[in-house]
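Here is the structure we will look at, set down as structure tokens.
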Amino acid sequence: MTSYRTRLLAGTAATLAALSAQPVMAQSTSTTPAADEDESIVVIGTRRTDRSVTDSPSPIDVIGSQELTAQPAVDMLDTVRNIVPSFFVPQNTISDASTFVRPPSLRGLGADQILVMVNGKRYNRAALVQVYSGADTALSYGSQGADISNIPAISVKNLQILRDGATAQYGSDAIGGVINYQIRDDAGFELTGLWGETYEGDGDRIQVGAYAGFNFADSGFLSLSGEWYDTDGTSRGRTRPTAVNFATLNPSLANTIPNFTEGLPAQIWGSSPGDGIKLFGNAGIDLAGDAAQLYLTVNYAESTANQSFNYRPSLTATGLVVNDGSGTPATRTNNRNGSFNTIYLTRCPTGNATCPATGFVQDANTFSFASIYPGGFTPRFIGDVEQRYGTGGVKGELGGGLTYDLSATLARNSLSLSMTNSLSASFGPQSQTEFFFGDLIQREQMVNLDLTYPLEVGFASPITLSGGAEYRREEYEKTVGDTQSYAAGPYARQPLYVQVSPGVYQPALNSSGQQIVATQSPAASGYGGVSPAFAGKSDQDSYGIYVGAEADITEAFTMGVAGRYEDYSTFGSAFVWKANALAELSPAFSVRATVGTGFHAPSPGQNNTQIVTTNFRSGNQVQTGTYPTTSAIAQFYGAQSLRPERSNNYGAGFIFKPMDAFTLTVDGYIIDVRNRIGISQTFRVTAADVAALPALAIVGVDGDVNYFTNGFDTSTKGIDAVASYRTGLAGGSLNTTLAYAYNKSKVTDFDPSVISAAQRFNIANLPPKHRLNASANWQMGDFQLNGRVNYFSSWANQLEYPGQRFSGKATVDLDASYTFMDHFTLTVGANNLFDTYPDRIAPTTTNPIYALTDSLADGQVYPRSGGPFGINGGFYYVRLRVKY
């Protein structure tokens, strides 16, 4: 790997040098940070074209391209988290498919309560519906949102974040706000190369980005951008005490423990290794002079990540010393994984009256998966994401100021899931060790028409009348996985018999006098594939119309109203509205307020998700199935059709700008959401259930079943404050920003069969209530210095670490850049400069710390979700950029 990286970095440097000698196709006029971002013209939250951030009735953040590309993250989720205080996304270590598609939260709301747009057009959902039950997805449990990790930072002109409900303007999902990526259209060329690694020496990252933009005789433009990355995984846990015990008892077999020869824990807690490519194209050409423009935006991305799952020990470990927080040492027994239970291979003789055909003989003809995995096994879960997105249209202005924008969007996102180093226990000796689980596919088509018209009525400005219509179609598809990935094999249930004389058998009895029935889990260990019964497509059509009006009533008072009606083929219709206003009380001080309603329509994915995962109950492996509300299994346990989530949004704040160099905005908000979509309580499958509904055999006796349902209401209150100041310092220019976010959510009403006390606690306490970002940029000539302090207040995770509150922490990011030969910029920097980690997990009776490893039984040292800033510690990097 080292030689490969050396060759790649050398190749990148050679490419940069060669490109610097090539003829310049297009010249960029500026390489310095954009100034006056508070005066940037915004395109979200309004239909007017003359609005800036400081005179917008709704709070909007505008983040420039340089600030986005300055982050050394390969994932746009982490980039935005580092910059925007009200944006939260967990690290997600061992989180099933949620490791591949991480769900973010804005203002404490779920991933599909945030509308993501590209150039003002709706960006498609990801194919994954978040069904992982751990706290990693607590704020977005059950959601299906867009995956912004498919957007390369180098392609973005600016990022505009509307921190306000906007369903009346843009349709379903915009309850918590809107994130809009403006794609670059400037002429020029840019190439970047980055290498970095963590302070621990792992997590090596190589990242290469390129941009090329062309103008065509003032009649059009074309921009092409892309990014490739390759990143190694990290490890921040310890090996399991059962693995240490196995190596001690079986030194000759120690090298059969997973990851042993690499010197890594049997089970890895950390970021998963992965690689990918992200591409963007943006083009426009003027028609009939400049009266109209044809435009096209396309995005293609693919990525692969390889995640460690839980280690399955092959032996039981007894007498393990633990610290359970009581002050007195105790001992624990950790059982071997159920996959290593004995499988009996001799079937009852055909036609024998004392040994039925469904029975097995308890004799020496047995099989154990220890013959394949003597030191146990750790499945590796692999996710391949592919994104295709394209929007094309025509926009322009007709006579009298009437503008139009007619567009069509086609999009497809897929997640292909597979696994290696695993088994399907109920198939015994015939088990595969590698599995394909099927593809999850989200398709979207949209046609959109937006109109505006200025109407003079004697106000300080014309009334900007707006209106439009939209048609959307969503399709969700699941393809069939390998048979062994979902099915129950021949050894799933083994009633045992013993031979008492030639040809005569009787049931094998346990100590209680009951017949022994050996069982093995169906499906693959770790995950369950899509069965033919649940494969196929589901769809949803919707139609929407909206109207709006905005105007400066006087020079000092602005007001806007909007209303939207949408009709869905699945659940019916919804109407939402919004009103906002801005009053300038003095040239330096303005107040603003918004009020409105919103909704989130359940997606076809939420209505038709079927996923089986492996969980552990009291150390024993069990299958957990999440099923569509329309399925026989879900309806067997009382499922009903999903209804839309509905919200009431309120906001008020002020803008203070006493001088050109200083701006302060403070905004408070309340977001009340009813009928939130979640996942029901877990129903334990009994033998009687399987007899009544044989389809439950996929989960098996003692397995768990749940389904999507509307089951709780929430209220979210908060304050966002942003201050910026520009001045001179030591002969250079200094730009500073202080951003603070306070957010508190609580469950106000709930169905106890849907949401537990621990889940309710996590909604209120998993994200820090207080978040503060203080950043400064100092530039003198060709030298530039950037610093950021990120503060996160305390937080807690009652689902996984009951009783513990993790303390507040601050991290520091610092980088220095030098530009030479006009076009080359070298940057060295560090994120989390002082190597800050979350608190270690405290010992309790629920989570005892094992003396052998100074960790939990599964090797955890730090919280698995990574908390608000992750568990990887410090990361240092070097970046080289060439820009023309």
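Each chain of the structure tokens is named A, B, ... in the order shown, its residues numbered from 1; ligands are numbered from 1 in display order.
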
For this session: Based on DSSP run over this structure's backbone, return all residues of stretch 256-458 of chain A in strand (DSSP E or B), as a PyMOL selection string.
Result: chain A and resi 274-287+292-308+312+317-323+330-334+343-344+347+360-361+366-367+377+380-397+403-420+435-455

Problem set entry | Surrounding residues of stretch 96-98 of chain A excluding itself and chain neighbours under 6 positions, 10 Å, only C-alpha atoms, as a list in words |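 Answer for this query is Leu128, Val129, Gln130, Val131, Tyr132, Ser133, Gly134, Asp136, Thr137, Gln307, Ser308, Phe309, Phe381, Ile382, Gly383, Leu415, Ser416, Leu417, Gly526, Tyr527, Thr613 and Thr614 of chain A.
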
For this session: Using atom CA of A:Ala353 and atom CA of A:Gly428 as the two end points, give the distance in Å to one decimal.
Result: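 Separation between atom CA of A:Ala353 and atom CA of A:Gly428: 26.2 Å.
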
Exercise. Which residue gives the smallest distance to A:Thr558 among A:Pro57, A:Pro628, A:Pro767, A:Gly145, with only C-alpha atoms counted?
Worked result: A:Pro57

Problem set entry | Contacts of A:Leu194 within 7 Å, only C-alpha atoms, excl. fewer than 2 positions in-chain, as number ranges by chain | A: 192, 196, 206-208, 877-880

Output all heavy atoms of each residue in that selection to a file, as a short mmCIF file (atom, residue, chain, number, x, y, z; two decimals), in the first residue's frame.
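To be explicit, this is the file written out as again18.cif:
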```cif
data_model
loop_
_atom_site.label_atom_id
_atom_site.label_comp_id
_atom_site.auth_asym_id
_atom_site.auth_seq_id
_atom_site.Cartn_x
_atom_site.Cartn_y
_atom_site.Cartn_z
N THR A 192 -6.55 19.72 -7.41
CA THR A 192 -6.08 19.61 -6.03
C THR A 192 -5.68 18.17 -5.73
O THR A 192 -6.27 17.23 -6.27
CB THR A 192 -7.15 20.05 -5.03
OG1 THR A 192 -8.28 19.17 -5.12
CG2 THR A 192 -7.61 21.48 -5.29
N GLY A 196 -3.38 12.73 3.84
CA GLY A 196 -3.39 12.92 5.28
C GLY A 196 -3.61 11.61 6.01
O GLY A 196 -3.95 10.58 5.39
N ILE A 206 -6.14 9.65 0.54
CA ILE A 206 -5.69 10.29 -0.69
C ILE A 206 -6.92 10.82 -1.40
O ILE A 206 -7.93 10.12 -1.54
CB ILE A 206 -4.93 9.32 -1.61
CG1 ILE A 206 -3.72 8.72 -0.89
CG2 ILE A 206 -4.51 10.01 -2.89
CD1 ILE A 206 -3.04 7.64 -1.68
N GLN A 207 -6.82 12.07 -1.85
CA GLN A 207 -7.98 12.70 -2.46
C GLN A 207 -7.49 13.59 -3.60
O GLN A 207 -6.57 14.40 -3.43
CB GLN A 207 -8.71 13.54 -1.40
CG GLN A 207 -10.07 14.05 -1.78
CD GLN A 207 -10.76 14.68 -0.56
OE1 GLN A 207 -10.41 14.37 0.59
NE2 GLN A 207 -11.71 15.54 -0.80
N VAL A 208 -8.09 13.42 -4.77
CA VAL A 208 -7.73 14.23 -5.93
C VAL A 208 -9.01 14.83 -6.50
O VAL A 208 -10.00 14.11 -6.72
CB VAL A 208 -7.01 13.39 -7.01
CG1 VAL A 208 -6.70 14.25 -8.24
CG2 VAL A 208 -5.73 12.79 -6.45
N TYR A 877 -2.76 16.85 7.49
CA TYR A 877 -2.82 16.69 6.05
C TYR A 877 -1.98 17.74 5.35
O TYR A 877 -1.59 18.77 5.92
CB TYR A 877 -4.27 16.78 5.56
CG TYR A 877 -4.94 18.10 5.86
CD1 TYR A 877 -4.94 19.14 4.94
CD2 TYR A 877 -5.56 18.33 7.09
CE1 TYR A 877 -5.54 20.35 5.23
CE2 TYR A 877 -6.16 19.53 7.38
CZ TYR A 877 -6.15 20.55 6.45
OH TYR A 877 -6.73 21.75 6.74
N VAL A 878 -1.71 17.48 4.08
CA VAL A 878 -1.06 18.43 3.20
C VAL A 878 -1.84 18.45 1.89
O VAL A 878 -2.28 17.41 1.40
CB VAL A 878 0.42 18.07 2.97
CG1 VAL A 878 0.56 16.67 2.38
CG2 VAL A 878 1.10 19.09 2.07
N ARG A 879 -2.05 19.64 1.37
CA ARG A 879 -2.82 19.80 0.12
C ARG A 879 -2.05 20.70 -0.84
O ARG A 879 -1.48 21.72 -0.45
CB ARG A 879 -4.19 20.42 0.41
CG ARG A 879 -5.03 20.64 -0.84
CD ARG A 879 -6.22 21.56 -0.62
NE ARG A 879 -7.20 20.99 0.28
CZ ARG A 879 -7.51 21.48 1.47
NH1 ARG A 879 -6.90 22.57 1.92
NH2 ARG A 879 -8.44 20.92 2.22
N LEU A 880 -2.04 20.32 -2.11
CA LEU A 880 -1.46 21.14 -3.16
C LEU A 880 -2.54 21.47 -4.17
O LEU A 880 -3.26 20.57 -4.64
CB LEU A 880 -0.30 20.41 -3.85
CG LEU A 880 0.39 21.18 -4.98
CD1 LEU A 880 1.04 22.46 -4.45
CD2 LEU A 880 1.43 20.30 -5.68
#
```

For this session: Identify which of the residues A:Gly284, A:Gly859, A:Gly467, A:Gly544 lies closest to A:Val561, counting only C-alpha atoms when measuring atom-to-atom distances.
Result: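 Of A:Gly284, A:Gly859, A:Gly467, A:Gly544, the one nearest A:Val561 is A:Gly467, counting only C-alpha atoms.
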
Problem set entry | Near-A:Gly572 list (10 Å; only C-alpha atoms; drop same-chain fewer than 2 positions) as a PyMOL selection string | chain A and resi 542+566-570+574+601+643-644

Problem set entry | Residue contacts of A:Ala518 (9 Å, only C-alpha atoms) excluding same-chain residues fewer than 3 positions away, as a count of residues only | 10

For this session: List the neighbours of A:Gln506 out to 10 Å using only C-alpha atoms; skip same-chain residues closer than 2 positions along the sequence, and give me the result as an MDAnalysis selection string.
Result: chainID A and resid 354:355 361 496:501 504 508:509 515

Exercise. Interatomic distance between atom CA of A:Ala758 and atom CA of A:Leu440?
Worked result: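 Separating atom CA of A:Ala758 from atom CA of A:Leu440 is a distance of 29.9 Å.
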
For this session: List every residue of stretch 445-555 of chain A that DSSP, applied to the backbone of this structure, places in helix (DSSP H, G or I), and write the result as a list in words.
Result: Thr483, Gln484, Ser485 and Tyr486 of chain A

Problem set entry | A:Tyr650, A:Tyr373, A:Tyr565, A:Tyr471 ranked by distance to A:Ser58, top pick (using only C-alpha atoms) |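 Closest to A:Ser58, using only C-alpha atoms: A:Tyr650.
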
Exercise. Any idea what's packed within 8 Å of A:Ala523, counting only C-alpha atoms, ignoring anything in its chain fewer than 5 positions away? Could you give it as a VMD selection string?
Worked result: chain A and resid 424 to 426 484 to 488 528 to 529 698

Write to file, as an mmCIF file, in the first residue's frame, the residues of the selection just made, with N, CA and C atoms.
```cif
data_model
loop_
_atom_site.group_PDB
_atom_site.id
_atom_site.type_symbol
_atom_site.label_atom_id
_atom_site.label_comp_id
_atom_site.auth_asym_id
_atom_site.auth_seq_id
_atom_site.Cartn_x
_atom_site.Cartn_y
_atom_site.Cartn_z
ATOM 1 N N SER A 424 -24.301 -18.964 6.637
ATOM 2 C CA SER A 424 -25.744 -19.109 6.803
ATOM 3 C C SER A 424 -25.970 -20.387 7.595
ATOM 4 N N ALA A 425 -26.115 -20.225 8.910
ATOM 5 C CA ALA A 425 -26.015 -21.352 9.832
ATOM 6 C C ALA A 425 -26.996 -22.468 9.519
ATOM 7 N N SER A 426 -28.210 -22.149 9.108
ATOM 8 C CA SER A 426 -29.219 -23.195 8.915
ATOM 9 C C SER A 426 -28.952 -24.055 7.692
ATOM 10 N N GLN A 484 -29.467 -18.296 0.142
ATOM 11 C CA GLN A 484 -28.987 -18.498 1.515
ATOM 12 C C GLN A 484 -28.918 -17.196 2.307
ATOM 13 N N SER A 485 -28.992 -16.049 1.638
ATOM 14 C CA SER A 485 -28.928 -14.780 2.352
ATOM 15 C C SER A 485 -30.217 -14.483 3.103
ATOM 16 N N TYR A 486 -31.326 -15.124 2.708
ATOM 17 C CA TYR A 486 -32.606 -14.832 3.361
ATOM 18 C C TYR A 486 -33.353 -16.072 3.850
ATOM 19 N N ALA A 487 -33.039 -17.236 3.321
ATOM 20 C CA ALA A 487 -33.885 -18.404 3.552
ATOM 21 C C ALA A 487 -33.475 -19.167 4.809
ATOM 22 N N ALA A 488 -34.418 -20.014 5.263
ATOM 23 C CA ALA A 488 -34.146 -20.976 6.328
ATOM 24 C C ALA A 488 -33.746 -22.288 5.684
ATOM 25 N N GLY A 528 -29.822 -9.863 6.360
ATOM 26 C CA GLY A 528 -30.721 -10.724 5.614
ATOM 27 C C GLY A 528 -30.986 -10.165 4.237
ATOM 28 N N GLY A 529 -30.908 -11.005 3.240
ATOM 29 C CA GLY A 529 -31.159 -10.565 1.873
ATOM 30 C C GLY A 529 -32.645 -10.415 1.583
ATOM 31 N N ILE A 698 -38.559 -16.852 8.095
ATOM 32 C CA ILE A 698 -37.383 -16.089 7.681
ATOM 33 C C ILE A 698 -36.709 -15.460 8.901
#
```

For this session: Tell me which of A:Ser745, A:Thr846, A:Asn832, A:Gln442 sits closest to A:Asp539, counting only C-alpha atoms.
Result: A:Gln442
